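With TSV, C-alpha atoms inside, this is data29.tsv:
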```tsv
chain	number	residue	atom	x	y	z
A	256	MET	CA	326.27	83.25	205.93
A	257	ASN	CA	327.61	84.88	202.76
A	258	PRO	CA	326.96	88.64	203.23
A	259	GLU	CA	325.51	88.97	199.71
A	260	ILE	CA	322.99	86.19	200.40
A	261	ASP	CA	322.21	87.73	203.77
A	262	ALA	CA	321.60	91.11	202.08
A	263	ALA	CA	319.48	89.48	199.36
A	264	LEU	CA	317.29	87.83	202.00
A	265	LYS	CA	316.86	91.15	203.78
A	266	ILE	CA	315.97	92.95	200.52
A	267	MET	CA	313.52	90.16	199.73
A	268	GLY	CA	311.81	90.51	203.12
A	269	LEU	CA	311.85	94.28	203.21
A	270	GLY	CA	310.91	94.59	199.55
A	271	LEU	CA	307.96	92.23	199.64
A	272	GLY	CA	306.90	93.58	203.03
A	273	GLY	CA	307.25	97.10	201.67
A	274	VAL	CA	305.10	96.39	198.60
A	275	PHE	CA	302.39	94.91	200.83
A	276	THR	CA	302.61	97.82	203.27
A	277	VAL	CA	302.35	100.45	200.56
A	278	LEU	CA	299.47	98.71	198.78
A	279	ILE	CA	297.63	98.14	202.08
A	280	LEU	CA	298.05	101.87	202.67
A	281	PHE	CA	296.65	102.51	199.17
A	282	TYR	CA	293.71	100.25	200.07
A	283	PHE	CA	292.77	102.14	203.21
A	284	VAL	CA	293.32	105.54	201.62
A	285	THR	CA	291.16	104.55	198.63
A	286	ARG	CA	288.36	103.35	200.92
A	287	LEU	CA	288.62	106.57	202.90
A	288	MET	CA	288.52	108.71	199.74
A	289	ILE	CA	285.41	106.88	198.54
A	290	VAL	CA	283.66	107.34	201.91
A	291	ILE	CA	284.53	111.05	202.04
A	292	ALA	CA	283.64	111.67	198.38
A	293	ARG	CA	280.21	110.06	198.85
A	294	LYS	CA	279.46	112.48	201.65
A	295	LEU	CA	280.33	115.49	199.51
A	296	PRO	CA	278.07	116.91	196.81
A	297	PRO	CA	278.89	115.26	193.44
A	298	MET	CA	281.21	117.11	191.08
A	299	GLU	CA	279.76	118.51	187.90
A	300	GLU	CA	280.95	116.58	184.86
A	301	LYS	CA	282.45	118.93	182.25
B	45	MET	CA	338.94	98.61	147.43
B	46	ASN	CA	339.52	97.41	150.98
B	47	GLU	CA	337.21	100.13	152.27
B	48	LEU	CA	334.48	99.03	149.87
B	49	LEU	CA	334.73	95.47	151.12
B	50	ALA	CA	335.16	96.36	154.80
B	51	GLY	CA	331.57	95.42	155.60
B	52	ILE	CA	331.94	92.00	154.01
B	53	VAL	CA	335.37	91.03	155.34
B	54	ASN	CA	334.44	92.04	158.86
B	55	LEU	CA	331.36	89.86	159.05
B	56	HIS	CA	331.82	87.23	161.77
B	57	LEU	CA	329.76	84.36	163.07
B	58	GLY	CA	328.43	86.62	165.85
B	59	ASN	CA	326.99	89.03	163.28
B	60	PHE	CA	325.12	86.22	161.54
B	61	VAL	CA	323.78	84.89	164.85
B	62	MET	CA	322.53	88.38	165.72
B	63	PHE	CA	320.95	88.74	162.26
B	64	GLY	CA	319.16	85.46	162.99
B	65	ILE	CA	317.97	86.71	166.40
B	66	SER	CA	316.81	89.99	164.82
B	67	LEU	CA	314.86	88.12	162.18
B	68	ILE	CA	313.30	85.85	164.82
B	69	LEU	CA	312.14	88.92	166.80
B	70	ILE	CA	310.72	90.51	163.64
B	71	TYR	CA	309.04	87.19	162.73
B	72	LEU	CA	307.49	86.85	166.21
B	73	ALA	CA	306.23	90.43	165.99
B	74	ILE	CA	304.70	90.14	162.51
B	75	ALA	CA	303.67	86.50	162.20
B	76	LYS	CA	302.81	85.69	165.82
B	77	ASP	CA	301.71	89.15	166.95
B	78	TYR	CA	303.93	88.92	170.09
B	79	GLU	CA	304.26	92.52	171.39
B	80	PRO	CA	304.81	93.74	167.79
B	81	MET	CA	305.09	97.39	168.82
B	82	LEU	CA	308.29	96.57	170.67
B	83	LEU	CA	309.71	93.35	169.28
B	84	LEU	CA	309.74	94.68	165.72
B	85	PRO	CA	311.68	97.89	166.51
B	86	ILE	CA	313.98	95.92	168.85
B	87	GLY	CA	314.63	93.35	166.11
B	88	PHE	CA	315.32	95.97	163.48
B	89	GLY	CA	317.49	98.01	165.85
B	90	ALA	CA	319.58	94.89	166.50
B	91	LEU	CA	319.89	94.34	162.77
B	92	LEU	CA	321.17	97.90	162.24
B	93	ALA	CA	323.62	97.64	165.12
B	94	ASN	CA	325.20	94.38	163.98
B	95	ILE	CA	326.14	95.36	160.45
B	96	PRO	CA	329.92	95.88	160.56
B	97	PHE	CA	330.86	99.56	160.73
B	98	SER	CA	327.18	100.50	160.93
B	99	SER	CA	326.75	104.27	160.82
B	100	ALA	CA	323.62	103.88	162.94
B	101	ILE	CA	325.72	103.33	166.07
B	102	GLY	CA	328.99	104.77	167.32
B	103	HIS	CA	329.91	108.28	168.23
B	104	GLU	CA	327.71	109.97	165.63
B	105	GLY	CA	325.22	107.19	165.04
B	106	PHE	CA	321.60	108.24	165.50
B	107	LEU	CA	320.84	105.18	167.64
B	108	THR	CA	323.72	105.96	170.00
B	109	ILE	CA	322.50	109.55	170.24
B	110	LEU	CA	318.98	108.30	171.01
B	111	TYR	CA	320.45	105.93	173.61
B	112	ASN	CA	322.48	108.63	175.32
B	113	TYR	CA	319.65	111.13	175.44
B	114	GLY	CA	316.67	108.83	175.79
B	115	ILE	CA	317.70	105.77	177.80
B	116	ARG	CA	320.77	106.83	179.74
B	117	THR	CA	318.89	109.91	180.97
B	118	GLU	CA	315.81	107.68	181.70
B	119	LEU	CA	313.69	110.01	179.60
B	120	PHE	CA	312.04	107.36	177.39
B	121	PRO	CA	310.84	105.07	180.22
B	122	VAL	CA	309.46	108.08	182.10
B	123	LEU	CA	307.63	109.39	179.00
B	124	ILE	CA	306.24	105.91	178.41
B	125	PHE	CA	304.87	106.00	181.93
B	126	VAL	CA	303.03	109.26	181.21
B	127	ALA	CA	301.47	107.55	178.20
B	128	VAL	CA	300.65	104.37	180.12
B	129	GLY	CA	299.12	106.43	182.93
B	130	ALA	CA	296.83	108.13	180.43
B	131	MET	CA	295.77	104.70	179.15
B	132	ILE	CA	294.99	103.15	182.54
B	133	ASP	CA	291.45	103.26	183.83
B	134	PHE	CA	291.63	102.80	187.59
B	135	LYS	CA	287.84	102.53	187.94
B	136	PRO	CA	287.78	98.70	188.10
B	137	LEU	CA	290.29	98.89	190.94
B	138	LEU	CA	288.45	101.70	192.72
B	139	GLN	CA	285.28	99.60	192.56
B	140	ASN	CA	287.11	96.70	194.13
B	141	PRO	CA	290.12	98.03	196.12
B	142	PHE	CA	290.50	94.66	197.86
B	143	MET	CA	292.24	93.47	194.69
B	144	LEU	CA	295.19	95.70	195.59
B	145	PHE	CA	296.45	92.85	197.77
B	146	PHE	CA	296.94	90.64	194.72
B	147	GLY	CA	298.92	93.41	193.06
B	148	ALA	CA	301.34	93.06	195.97
B	149	ALA	CA	301.41	89.25	196.21
B	150	ALA	CA	302.14	88.78	192.51
B	151	GLN	CA	305.39	90.76	192.85
B	152	PHE	CA	306.88	87.78	194.72
B	153	GLY	CA	308.70	86.67	191.57
B	154	ILE	CA	310.80	89.86	191.52
B	155	PHE	CA	312.26	89.20	194.93
B	156	ALA	CA	312.51	85.42	194.54
B	157	CYS	CA	314.39	85.92	191.27
B	158	LEU	CA	316.68	88.49	192.89
B	159	PHE	CA	317.56	85.90	195.54
B	160	VAL	CA	318.20	83.18	192.93
B	161	ALA	CA	320.38	85.61	190.94
B	162	VAL	CA	322.51	86.34	194.02
B	163	LEU	CA	322.88	82.59	194.63
B	164	MET	CA	324.13	82.33	191.04
B	165	GLY	CA	326.87	84.86	191.73
B	166	TYR	CA	325.44	88.15	190.48
B	167	ASP	CA	326.00	91.18	192.67
B	168	LEU	CA	322.99	92.83	194.31
B	169	LYS	CA	322.51	95.51	191.68
B	170	GLU	CA	322.66	93.02	188.80
B	171	ALA	CA	320.42	90.60	190.70
B	172	ALA	CA	317.84	93.35	191.30
B	173	SER	CA	317.92	94.27	187.61
B	174	ILE	CA	317.35	90.63	186.65
B	175	GLY	CA	314.62	90.22	189.28
B	176	ILE	CA	312.73	93.24	188.01
B	177	ILE	CA	311.92	91.30	184.82
B	178	GLY	CA	309.28	89.76	187.09
B	179	ALA	CA	307.58	93.14	187.28
B	180	ALA	CA	306.15	92.18	183.86
B	181	ASP	CA	306.49	95.84	183.12
B	182	GLY	CA	308.88	96.89	180.35
B	183	PRO	CA	309.51	100.53	181.31
B	184	THR	CA	310.11	99.64	184.98
B	185	SER	CA	312.55	96.91	183.94
B	186	ILE	CA	314.41	99.33	181.68
B	187	TYR	CA	314.42	102.05	184.33
B	188	VAL	CA	315.83	99.81	187.08
B	189	ALA	CA	318.30	97.98	184.82
B	190	ASN	CA	319.57	101.28	183.47
B	191	LYS	CA	320.22	102.54	187.00
B	192	PHE	CA	321.77	99.34	188.36
B	193	ALA	CA	323.26	97.26	185.55
B	194	GLU	CA	323.53	99.07	182.25
B	195	ARG	CA	325.55	96.24	180.71
B	196	LEU	CA	322.58	93.88	181.16
B	197	LEU	CA	320.02	96.33	179.76
B	198	ALA	CA	319.62	94.66	176.36
B	199	PRO	CA	318.95	91.07	177.51
B	200	ILE	CA	316.75	92.30	180.38
B	201	SER	CA	314.61	94.42	178.03
B	202	VAL	CA	314.27	91.60	175.51
B	203	ALA	CA	313.40	89.11	178.29
B	204	ALA	CA	310.86	91.50	179.86
B	205	TYR	CA	309.00	92.16	176.63
B	206	SER	CA	309.25	88.59	175.36
B	207	TYR	CA	307.81	87.06	178.51
B	208	MET	CA	305.07	89.69	178.70
B	209	SER	CA	303.89	88.48	175.33
B	210	LEU	CA	304.17	84.87	176.50
B	211	VAL	CA	301.86	85.33	179.51
B	212	PRO	CA	299.12	83.21	177.83
B	213	ILE	CA	301.62	80.35	177.59
B	214	ILE	CA	303.42	80.76	180.94
B	215	GLN	CA	300.55	81.34	183.37
B	216	PRO	CA	297.98	78.57	182.66
B	217	PRO	CA	300.21	75.56	183.50
B	218	VAL	CA	301.44	77.21	186.72
B	219	ILE	CA	297.86	78.02	187.76
B	220	ARG	CA	296.64	74.51	186.96
B	221	ALA	CA	299.52	72.99	188.94
B	222	LEU	CA	298.65	75.01	192.04
B	223	THR	CA	294.84	74.83	192.01
B	224	THR	CA	292.19	72.14	192.03
B	225	ARG	CA	289.30	72.14	189.58
B	226	GLN	CA	286.98	72.97	192.46
B	227	GLU	CA	289.00	76.09	193.19
B	228	ARG	CA	289.02	77.14	189.54
B	229	LEU	CA	285.23	76.82	189.51
B	230	ILE	CA	284.75	79.32	192.36
B	231	ARG	CA	282.35	82.07	191.37
B	232	MET	CA	282.81	85.60	192.59
B	233	THR	CA	280.00	88.08	192.91
B	234	TYR	CA	280.61	91.49	191.41
B	235	HIS	CA	278.78	94.60	192.52
B	236	GLN	CA	279.27	97.50	190.15
B	237	THR	CA	279.25	100.71	192.14
B	238	ALA	CA	279.50	104.25	190.85
B	239	ILE	CA	282.84	105.84	191.72
B	240	PRO	CA	282.62	109.57	192.52
B	241	LYS	CA	284.52	111.71	190.04
B	242	LEU	CA	286.36	113.32	192.95
B	243	VAL	CA	287.94	109.95	193.84
B	244	GLU	CA	289.07	109.37	190.25
B	245	ILE	CA	290.83	112.74	190.35
B	246	ALA	CA	292.19	112.48	193.89
B	247	PHE	CA	293.49	108.91	193.44
B	248	PRO	CA	296.55	109.71	191.26
B	249	ILE	CA	297.47	112.67	193.45
B	250	VAL	CA	297.18	110.83	196.77
B	251	ILE	CA	298.95	107.70	195.48
B	252	THR	CA	301.84	109.83	194.20
B	253	LEU	CA	302.18	111.51	197.57
B	254	ILE	CA	302.12	108.24	199.54
B	255	ALA	CA	304.50	106.34	197.24
B	256	GLY	CA	306.77	109.36	196.90
B	257	ILE	CA	307.04	109.91	200.64
B	258	VAL	CA	307.67	106.19	201.32
B	259	ALA	CA	310.28	105.84	198.54
B	260	PRO	CA	311.30	109.23	197.11
B	261	ILE	CA	313.40	107.50	194.46
B	262	SER	CA	310.18	106.10	192.95
B	263	VAL	CA	308.74	109.58	192.30
B	264	ALA	CA	309.92	109.65	188.66
B	265	LEU	CA	308.19	106.32	188.00
B	266	ILE	CA	304.96	106.67	189.92
B	267	GLY	CA	304.76	110.43	189.43
B	268	SER	CA	304.88	110.23	185.65
B	269	LEU	CA	302.36	107.36	185.61
B	270	MET	CA	299.97	109.26	187.84
B	271	PHE	CA	300.48	112.51	185.94
B	272	GLY	CA	299.32	110.71	182.80
B	273	ASN	CA	296.37	109.29	184.73
B	274	LEU	CA	295.39	112.66	186.15
B	275	ILE	CA	295.31	114.11	182.64
B	276	ARG	CA	292.86	111.35	181.75
B	277	ALA	CA	290.76	111.45	184.91
B	278	CYS	CA	290.37	115.21	185.30
B	279	GLY	CA	288.02	115.42	182.33
B	280	VAL	CA	289.20	118.84	181.15
B	281	LEU	CA	292.32	117.81	179.21
B	282	GLU	CA	290.89	115.48	176.63
B	283	ARG	CA	293.29	116.65	173.91
B	284	LEU	CA	296.34	116.13	176.11
B	285	SER	CA	295.01	112.79	177.29
B	286	ASN	CA	294.52	111.66	173.69
B	287	ALA	CA	297.97	112.95	172.74
B	288	ALA	CA	299.57	111.03	175.62
B	289	GLN	CA	297.66	107.85	174.77
B	290	ASN	CA	298.39	108.01	171.05
B	291	GLU	CA	301.09	110.32	169.71
B	292	LEU	CA	303.35	110.25	172.77
B	293	ALA	CA	302.93	106.51	173.36
B	294	ASN	CA	303.55	105.64	169.71
B	295	LEU	CA	306.52	107.93	169.22
B	296	VAL	CA	308.35	106.98	172.41
B	297	THR	CA	307.61	103.26	171.96
B	298	LEU	CA	309.07	103.45	168.47
B	299	MET	CA	312.26	105.16	169.64
B	300	LEU	CA	312.56	103.06	172.80
B	301	GLY	CA	312.32	99.81	170.86
B	302	ILE	CA	314.82	100.59	168.14
B	303	THR	CA	317.24	102.11	170.68
B	304	ILE	CA	317.09	99.06	172.95
B	305	GLY	CA	317.62	96.89	169.88
B	306	SER	CA	320.74	98.85	169.03
B	307	THR	CA	322.33	97.75	172.32
B	308	MET	CA	322.12	94.08	171.26
B	309	ILE	CA	325.60	94.00	169.77
B	310	ALA	CA	327.04	90.53	169.16
B	311	GLN	CA	330.06	90.78	171.49
B	312	ASP	CA	327.87	92.02	174.38
B	313	PHE	CA	324.74	90.01	173.72
B	314	LEU	CA	326.10	86.58	172.76
B	315	ARG	CA	327.19	85.63	176.25
B	316	ALA	CA	326.16	83.07	178.81
B	317	ASP	CA	324.64	85.97	180.79
B	318	THR	CA	321.95	86.46	178.15
B	319	LEU	CA	320.79	82.84	178.36
B	320	ILE	CA	320.87	82.94	182.15
B	321	ILE	CA	318.85	86.17	182.19
B	322	MET	CA	316.27	84.72	179.80
B	323	GLY	CA	315.98	81.67	182.08
B	324	MET	CA	315.73	83.81	185.21
B	325	GLY	CA	313.03	85.96	183.62
B	326	LEU	CA	310.96	82.84	183.13
B	327	ILE	CA	311.53	81.88	186.77
B	328	ALA	CA	310.40	85.37	187.85
B	329	PHE	CA	307.14	85.10	185.87
B	330	ILE	CA	306.46	81.62	187.28
B	331	PHE	CA	307.07	82.82	190.86
B	332	ASP	CA	304.87	85.89	190.27
B	333	THR	CA	302.01	83.70	189.15
B	334	ALA	CA	302.56	81.25	192.01
B	335	GLY	CA	302.76	84.12	194.53
B	336	GLY	CA	299.40	85.52	193.44
B	337	VAL	CA	297.64	82.14	193.36
B	338	LEU	CA	299.02	80.95	196.69
B	339	PHE	CA	298.15	84.25	198.37
B	340	ALA	CA	294.56	83.95	197.15
B	341	LYS	CA	294.43	80.40	198.52
B	342	PHE	CA	295.80	81.66	201.82
B	343	LEU	CA	293.14	84.39	202.00
B	344	ASN	CA	290.46	81.79	201.28
B	345	LEU	CA	291.30	80.15	204.62
B	346	PHE	CA	289.79	83.22	206.31
B	347	LEU	CA	287.28	84.65	203.82
B	348	LYS	CA	283.58	83.87	203.90
B	349	ASN	CA	283.14	84.78	200.24
B	350	LYS	CA	285.93	82.80	198.61
B	351	VAL	CA	288.17	84.25	195.95
B	352	ASN	CA	288.85	82.29	192.79
B	353	PRO	CA	292.62	81.72	193.24
B	354	MET	CA	293.20	82.25	189.52
B	355	VAL	CA	292.41	85.94	190.08
B	356	GLY	CA	295.58	86.15	192.22
B	357	ALA	CA	297.67	85.34	189.15
B	358	ALA	CA	296.26	88.42	187.42
B	359	GLY	CA	298.11	90.56	189.97
B	360	ILE	CA	301.05	90.86	187.57
B	361	SER	CA	301.49	94.00	185.52
B	362	ALA	CA	300.95	92.52	182.05
B	363	PHE	CA	297.71	94.38	181.32
B	364	PRO	CA	295.17	93.39	180.06
B	365	MET	CA	296.64	90.12	178.85
B	366	SER	CA	296.77	88.42	182.23
B	367	ALA	CA	293.15	89.31	183.09
B	368	ARG	CA	292.03	87.88	179.75
B	369	VAL	CA	294.01	84.67	180.31
B	370	ILE	CA	292.34	84.18	183.70
B	371	GLN	CA	288.86	84.80	182.30
B	372	ARG	CA	289.55	82.36	179.45
B	373	MET	CA	290.69	79.70	181.94
B	374	ALA	CA	287.59	80.27	184.11
B	375	LYS	CA	285.41	79.92	181.02
B	376	GLU	CA	287.13	76.67	180.04
B	377	GLU	CA	286.17	75.19	183.42
B	378	ASP	CA	282.67	76.66	183.47
B	379	PRO	CA	281.38	78.61	180.46
B	380	THR	CA	279.02	80.59	182.70
B	381	ASN	CA	281.67	81.75	185.18
B	382	PHE	CA	282.56	85.41	184.65
B	383	ILE	CA	285.51	86.78	186.64
B	384	LEU	CA	286.87	89.25	184.11
B	385	MET	CA	286.09	92.33	186.20
B	386	GLN	CA	287.85	90.95	189.29
B	387	SER	CA	290.82	89.85	187.18
B	388	THR	CA	290.99	93.27	185.56
B	389	SER	CA	290.99	94.92	189.01
B	390	ALA	CA	293.85	92.65	190.13
B	391	ASN	CA	295.68	93.34	186.86
B	392	VAL	CA	295.43	97.12	187.36
B	393	ALA	CA	296.62	96.63	190.94
B	394	GLY	CA	299.59	94.73	189.49
B	395	GLN	CA	300.53	97.80	187.49
B	396	LEU	CA	300.74	99.79	190.69
B	397	GLY	CA	302.46	96.95	192.55
B	398	SER	CA	305.20	96.56	189.95
B	399	ILE	CA	306.10	100.25	190.08
B	400	VAL	CA	306.10	100.25	193.88
B	401	ALA	CA	308.33	97.15	193.82
B	402	GLY	CA	310.67	98.85	191.34
B	403	GLY	CA	310.82	101.95	193.54
B	404	LEU	CA	311.54	99.89	196.64
B	405	LEU	CA	314.34	98.02	194.88
B	406	LEU	CA	315.86	101.33	193.84
B	407	ALA	CA	315.70	102.48	197.45
B	408	LEU	CA	316.76	99.25	199.19
B	409	VAL	CA	319.59	97.85	197.08
B	410	PRO	CA	322.02	100.79	197.56
B	411	LEU	CA	321.51	100.48	201.34
B	412	PHE	CA	322.89	96.94	201.29
B	413	MET	CA	325.72	97.48	198.83
B	414	LYS	CA	329.15	97.44	200.43
```
Please go through the file and, once you have read it, give me the structure as structure tokens.
Amino acid sequence: MNPEIDAALKIMGLGLGGVFTVLILFYFVTRLMIVIARKLPPMEEK
Amino acid sequence: MNELLAGIVNLHLGNFVMFGISLILIYLAIAKDYEPMLLLPIGFGALLANIPFSSAIGHEGFLTILYNYGIRTELFPVLIFVAVGAMIDFKPLLQNPFMLFFGAAAQFGIFACLFVAVLMGYDLKEAASIGIIGAADGPTSIYVANKFAERLLAPISVAAYSYMSLVPIIQPPVIRALTTRQERLIRMTYHQTAIPKLVEIAFPIVITLIAGIVAPISVALIGSLMFGNLIRACGVLERLSNAAQNELANLVTLMLGITIGSTMIAQDFLRADTLIIMGMGLIAFIFDTAGGVLFAKFLNLFLKNKVNPMVGAAGISAFPMSARVIQRMAKEEDPTNFILMQSTSANVAGQLGSIVAGGLLLALVPLFMK
């Protein structure tokens, strides 16, 4: 296979996989932050 | 006498074509309201740059100076991100973090377009710069193109901003082609929950740390966006938040637009590349939309509470236009169906997804270059 096409396919896989991985990480971290924050006393609004 | 007539005798067909393109951009901005804040300055910048012997460009031209100090240094896109960050309200996403998945799926167009560009003979850096048009995010497109393929910056910027304004025309036919009426009628329940202030404040900090550690090269992009958002969310910097949302955003947008326009010089812009890039940008937007819709349909195979697949299409970064398009389409099918909040959440997720995708491209492409 043409090395450029091979590299493009790898970037496509790693890139899309990477975006999903990072956003899945964001998802779990966000859920965790919400759970923790709900257990803490609410912040005073200034 | 010759010097007095230099402007006239040096006018070529290319100059007239570029005048025409400039006027079309200005017309679209004023008459059609297509991204006027950018298309008008871009159009006028192109007009200034294509007048023979224009003093606006060249060694001492103010537009060249703005380009060298604002675009080449990546300062303008980064400042725009601070402003955009201050404008984004992440609450809809925090109330419904599940929508983050659509912000990832709808970046498919970036990578599909990169692959198509390589098949067409572009090298990896140019292909990545063309693909990033699919981020539907002007500053990210400019940032990546400036790093990887400066010579393609003008057509990529014009394509990115033009297609962002054409989202209401591009997305509906793609969505209709990929969904049945039954799917478009799916209702989604929405539970509004109060988000603790602490989460609003911690979110930009934690996201910056995660994205920065995964792809350090994305720190400038995500860091500036999240800095702007922290100013907004913290609640103690209202003046700075307002300044970022208004004065900073307006001033940098103005300079960014006219500077990008000044790079649209006839001999560089009137090439087959420009037409190809415009075509590829369209492909990227179509694949983005398809990626989001098909991912939602895939999830529906496993979910008990089905997702309206149209919401997946809102996972692109064009905010809030895409969310509004999806809500309008849902309303056309069933006037009582209300999925605006879910679409908005997906749309906000798309803003994060596009920056993460841009950061990953910046990190990955150099690894595969010979």
request  = Residues of chain B near chain A: apply a cut-off of 6 Å, count only C-alpha atoms, and supply the list as a list in words.
outcome  = Pro141, Ala148, Phe155, Phe159 and Ala401 of chain B
Preceding selection exported with C-alpha atoms as a compact mmCIF listing (two decimals), in the frame of the given file:
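Result file is again.txt:
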```
# COMPACT_ATOMS: atom_id res chain seq x y z
CA PRO B 141 290.12 98.03 196.12
CA ALA B 148 301.34 93.06 195.97
CA PHE B 155 312.26 89.20 194.93
CA PHE B 159 317.56 85.90 195.54
CA ALA B 401 308.33 97.15 193.82
```
ask   = How far is it from CA of Ile95 (chain B) to CA of Leu314 (chain B), in Å with one decimal?
value = 15.1 Å
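Across the model, the gap from CA of Asn381 (chain B) to CA of Gly178 (chain B) is 28.8 Å.
Minimum atom-to-atom distances from B:Gly356, B:Pro183, B:Pro410, B:Gly153 to Val392 (chain B) were compared using all atoms listed in the file, and the lowest value belongs to B:Gly356.
Those residues that approach Leu123 (chain B) to within 10 Å, counting all atoms listed in the file, are Gly114, Glu118, Leu119, Phe120, Val126, Ala127, Val128, Gly129, Pro183, Ala264, Leu265, Ser268, Leu269, Gly272, Ala288, Leu292, Ala293, Leu295, Val296 and Thr297 of chain B; same-chain residues fewer than 3 positions away are not listed.
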ask   = So how far away is CA of Thr223 (chain B) from CA of Leu338 (chain B), in Å?
value = 8.8 Å
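Minimum atom-to-atom distances from B:Ala75, B:Leu343, B:Ala310, B:Ile174 to Val162 (chain B) were compared using only C-alpha atoms, and the lowest value belongs to B:Ile174.
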task = Please work out which residues fall within 10 Å of (312.2, 108.2, 191.2), coordinates as given in the file, with all atoms listed in the file counting, and return them as a VMD selection string.
result = chain B and resid 122 187 255 to 256 259 to 268 402 to 404 406 to 407
Please produce an output containing C-alpha atoms for each residue in the selection, written as a JSON list (two decimals), in the frame of the given file.
```
[["chain", "number", "residue", "atom", "x", "y", "z"],
["B", 122, "VAL", "CA", 309.46, 108.08, 182.10],
["B", 187, "TYR", "CA", 314.42, 102.05, 184.33],
["B", 255, "ALA", "CA", 304.50, 106.34, 197.24],
["B", 256, "GLY", "CA", 306.77, 109.36, 196.90],
["B", 259, "ALA", "CA", 310.28, 105.84, 198.54],
["B", 260, "PRO", "CA", 311.30, 109.23, 197.11],
["B", 261, "ILE", "CA", 313.40, 107.50, 194.46],
["B", 262, "SER", "CA", 310.18, 106.10, 192.95],
["B", 263, "VAL", "CA", 308.74, 109.58, 192.30],
["B", 264, "ALA", "CA", 309.92, 109.65, 188.66],
["B", 265, "LEU", "CA", 308.19, 106.32, 188.00],
["B", 266, "ILE", "CA", 304.96, 106.67, 189.92],
["B", 267, "GLY", "CA", 304.76, 110.43, 189.43],
["B", 268, "SER", "CA", 304.88, 110.23, 185.65],
["B", 402, "GLY", "CA", 310.67, 98.85, 191.34],
["B", 403, "GLY", "CA", 310.82, 101.95, 193.54],
["B", 404, "LEU", "CA", 311.54, 99.89, 196.64],
["B", 406, "LEU", "CA", 315.86, 101.33, 193.84],
["B", 407, "ALA", "CA", 315.70, 102.48, 197.45]]
```
task = For Gln215 (chain B), please output as a PyMOL selection string all residues within 12 Å (counting only C-alpha atoms; exclusion window: fewer than 2 positions along the same chain).
result = chain B and resi 150+207-213+217-222+326-337+354-360+362+365-370+372-373
Would you put the residues from that selection into a file with C-alpha atoms, as an mmCIF file, in the coordinates of the input?
```cif
data_model
loop_
_atom_site.group_PDB
_atom_site.id
_atom_site.type_symbol
_atom_site.label_atom_id
_atom_site.label_comp_id
_atom_site.auth_asym_id
_atom_site.auth_seq_id
_atom_site.Cartn_x
_atom_site.Cartn_y
_atom_site.Cartn_z
ATOM 1 C CA ALA B 150 302.140 88.780 192.510
ATOM 2 C CA TYR B 207 307.810 87.060 178.510
ATOM 3 C CA MET B 208 305.070 89.690 178.700
ATOM 4 C CA SER B 209 303.890 88.480 175.330
ATOM 5 C CA LEU B 210 304.170 84.870 176.500
ATOM 6 C CA VAL B 211 301.860 85.330 179.510
ATOM 7 C CA PRO B 212 299.120 83.210 177.830
ATOM 8 C CA ILE B 213 301.620 80.350 177.590
ATOM 9 C CA PRO B 217 300.210 75.560 183.500
ATOM 10 C CA VAL B 218 301.440 77.210 186.720
ATOM 11 C CA ILE B 219 297.860 78.020 187.760
ATOM 12 C CA ARG B 220 296.640 74.510 186.960
ATOM 13 C CA ALA B 221 299.520 72.990 188.940
ATOM 14 C CA LEU B 222 298.650 75.010 192.040
ATOM 15 C CA LEU B 326 310.960 82.840 183.130
ATOM 16 C CA ILE B 327 311.530 81.880 186.770
ATOM 17 C CA ALA B 328 310.400 85.370 187.850
ATOM 18 C CA PHE B 329 307.140 85.100 185.870
ATOM 19 C CA ILE B 330 306.460 81.620 187.280
ATOM 20 C CA PHE B 331 307.070 82.820 190.860
ATOM 21 C CA ASP B 332 304.870 85.890 190.270
ATOM 22 C CA THR B 333 302.010 83.700 189.150
ATOM 23 C CA ALA B 334 302.560 81.250 192.010
ATOM 24 C CA GLY B 335 302.760 84.120 194.530
ATOM 25 C CA GLY B 336 299.400 85.520 193.440
ATOM 26 C CA VAL B 337 297.640 82.140 193.360
ATOM 27 C CA MET B 354 293.200 82.250 189.520
ATOM 28 C CA VAL B 355 292.410 85.940 190.080
ATOM 29 C CA GLY B 356 295.580 86.150 192.220
ATOM 30 C CA ALA B 357 297.670 85.340 189.150
ATOM 31 C CA ALA B 358 296.260 88.420 187.420
ATOM 32 C CA GLY B 359 298.110 90.560 189.970
ATOM 33 C CA ILE B 360 301.050 90.860 187.570
ATOM 34 C CA ALA B 362 300.950 92.520 182.050
ATOM 35 C CA MET B 365 296.640 90.120 178.850
ATOM 36 C CA SER B 366 296.770 88.420 182.230
ATOM 37 C CA ALA B 367 293.150 89.310 183.090
ATOM 38 C CA ARG B 368 292.030 87.880 179.750
ATOM 39 C CA VAL B 369 294.010 84.670 180.310
ATOM 40 C CA ILE B 370 292.340 84.180 183.700
ATOM 41 C CA ARG B 372 289.550 82.360 179.450
ATOM 42 C CA MET B 373 290.690 79.700 181.940
#
```
ask   = Could you pull the residues within 10 Å of Arg116 (chain B), counting all atoms listed in the file, minus those fewer than 3 positions along the same chain, as JSON, numbers by chain?
value = {"B": [110, 111, 112, 113, 119, 120, 187, 190, 191, 194]}
For the selection you just gave me, I'd like the residues written to a file as a short mmCIF file (atom, residue, chain, number, x, y, z; two decimals), in the frame of the given file, keeping C-alpha atoms.
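Result file is part-v3.cif:
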```cif
data_model
loop_
_atom_site.label_atom_id
_atom_site.label_comp_id
_atom_site.auth_asym_id
_atom_site.auth_seq_id
_atom_site.Cartn_x
_atom_site.Cartn_y
_atom_site.Cartn_z
CA LEU B 110 318.98 108.30 171.01
CA TYR B 111 320.45 105.93 173.61
CA ASN B 112 322.48 108.63 175.32
CA TYR B 113 319.65 111.13 175.44
CA LEU B 119 313.69 110.01 179.60
CA PHE B 120 312.04 107.36 177.39
CA TYR B 187 314.42 102.05 184.33
CA ASN B 190 319.57 101.28 183.47
CA LYS B 191 320.22 102.54 187.00
CA GLU B 194 323.53 99.07 182.25
#
```
